[in-house]
Amino acid sequence: MENTITLSRTDQGWMAEYSGPIRQEIFNLFHTAIIPTSFTARANHQVVQREIQRLNPEYNIIVR
């Protein structure tokens, strides 16, 4: 199974949901598998996806 980050926009900004083998490690660190990114809700989804992919090249990035 591949590690995946699913990005979704909320009123508070862009959130990243981790799935795959990394999910449990993220949950152990943050007590959740969904964590906020540094992007505001006004950020364009293409920019968010490109930058998250650049920072996490080993992950499959999905935008919801």
# chains A, B, ... in the order shown; residues from 1 in each chain; ligands from 1
call {"tool": "residues_around", "arguments": {"residues": "range 31-38 of chain A", "least_positions_apart": "6", "cutoff": "8 Å", "atoms": "only C-alpha atoms", "output": "ChimeraX atom specification"}}
result
/A:13-19,23-24
call {"tool": "select_by_dssp", "arguments": {"residues": "chain A", "states": "alpha helix (DSSP H)", "output": "list in words"}}
result
Arg23, Gln24, Glu25, Ile26, Phe27, Asn28, Leu29, Phe30, His45, Gln46, Val47, Val48, Gln49, Arg50, Glu51, Ile52, Gln53, Arg54 and Leu55 of chain A
call {"tool": "write_last_selection", "arguments": {"atoms": "N, CA and C atoms", "output": "short mmCIF file (atom, residue, chain, number, x, y, z; two decimals), in the first residue's frame"}}
result
data_model
loop_
_atom_site.label_atom_id
_atom_site.label_comp_id
_atom_site.auth_asym_id
_atom_site.auth_seq_id
_atom_site.Cartn_x
_atom_site.Cartn_y
_atom_site.Cartn_z
N ARG A 23 0.11 6.26 8.18
CA ARG A 23 -1.03 6.77 8.97
C ARG A 23 -0.85 6.56 10.47
N GLN A 24 -0.44 5.38 10.87
CA GLN A 24 -0.30 5.09 12.31
C GLN A 24 0.80 5.94 12.94
N GLU A 25 1.88 6.14 12.23
CA GLU A 25 2.97 6.97 12.76
C GLU A 25 2.52 8.41 12.95
N ILE A 26 1.79 8.95 11.96
CA ILE A 26 1.26 10.31 12.07
C ILE A 26 0.27 10.38 13.23
N PHE A 27 -0.58 9.37 13.35
CA PHE A 27 -1.55 9.35 14.46
C PHE A 27 -0.83 9.32 15.81
N ASN A 28 0.21 8.53 15.92
CA ASN A 28 0.96 8.44 17.18
C ASN A 28 1.60 9.78 17.55
N LEU A 29 2.02 10.52 16.55
CA LEU A 29 2.66 11.82 16.81
C LEU A 29 1.66 12.92 17.16
N PHE A 30 0.53 12.96 16.43
CA PHE A 30 -0.40 14.08 16.54
C PHE A 30 -1.77 13.72 17.10
N HIS A 45 -5.76 25.41 -5.40
CA HIS A 45 -5.50 23.99 -5.18
C HIS A 45 -4.29 23.49 -5.96
N GLN A 46 -4.00 24.06 -7.12
CA GLN A 46 -2.83 23.62 -7.88
C GLN A 46 -1.53 23.99 -7.17
N VAL A 47 -1.50 25.16 -6.56
CA VAL A 47 -0.33 25.59 -5.81
C VAL A 47 -0.13 24.69 -4.60
N VAL A 48 -1.21 24.43 -3.88
CA VAL A 48 -1.12 23.58 -2.70
C VAL A 48 -0.63 22.19 -3.08
N GLN A 49 -1.21 21.62 -4.10
CA GLN A 49 -0.80 20.28 -4.52
C GLN A 49 0.67 20.25 -4.95
N ARG A 50 1.07 21.22 -5.74
CA ARG A 50 2.46 21.27 -6.22
C ARG A 50 3.45 21.39 -5.08
N GLU A 51 3.16 22.25 -4.12
CA GLU A 51 4.10 22.46 -3.02
C GLU A 51 4.13 21.27 -2.05
N ILE A 52 2.98 20.70 -1.77
CA ILE A 52 2.95 19.51 -0.89
C ILE A 52 3.68 18.36 -1.58
N GLN A 53 3.51 18.20 -2.90
CA GLN A 53 4.22 17.16 -3.63
C GLN A 53 5.73 17.41 -3.62
N ARG A 54 6.13 18.66 -3.78
CA ARG A 54 7.55 19.01 -3.76
C ARG A 54 8.18 18.65 -2.42
N LEU A 55 7.44 18.91 -1.35
CA LEU A 55 7.96 18.63 -0.01
C LEU A 55 7.87 17.16 0.38
#
call {"tool": "closest_residue", "arguments": {"among": "A:Gln12, A:Pro57, A:Ile62, A:Ile22", "to": "Thr40 in chain A", "atoms": "only C-alpha atoms"}}
result
A:Gln12
call {"tool": "select_by_dssp", "arguments": {"residues": "chain A", "states": "strand (DSSP E)", "output": "list in words"}}
result
Thr4, Ile5, Thr6, Leu7, Ser8, Arg9, Thr10, Gly13, Trp14, Met15, Ala16, Glu17, Tyr18, Ser19, Ile34, Ile35, Pro36, Asn60, Ile61, Ile62 and Val63 of chain A
call {"tool": "residues_around", "arguments": {"residues": "Glu2 in chain A", "least_positions_apart": "4", "cutoff": "10 Å", "atoms": "only C-alpha atoms", "output": "PyMOL selection string"}}
result
chain A and resi 19-22+58-60
call {"tool": "write_last_selection", "arguments": {"atoms": "C-alpha atoms", "output": "mmCIF file, in the first residue's frame"}}
result
data_model
loop_
_atom_site.group_PDB
_atom_site.id
_atom_site.type_symbol
_atom_site.label_atom_id
_atom_site.label_comp_id
_atom_site.auth_asym_id
_atom_site.auth_seq_id
_atom_site.Cartn_x
_atom_site.Cartn_y
_atom_site.Cartn_z
ATOM 1 C CA SER A 19 -3.261 7.163 4.698
ATOM 2 C CA GLY A 20 -1.248 4.054 3.987
ATOM 3 C CA PRO A 21 1.517 2.644 6.199
ATOM 4 C CA ILE A 22 2.443 6.137 7.485
ATOM 5 C CA GLU A 58 7.577 9.857 -1.914
ATOM 6 C CA TYR A 59 3.824 10.362 -1.306
ATOM 7 C CA ASN A 60 0.870 10.154 -3.653
#
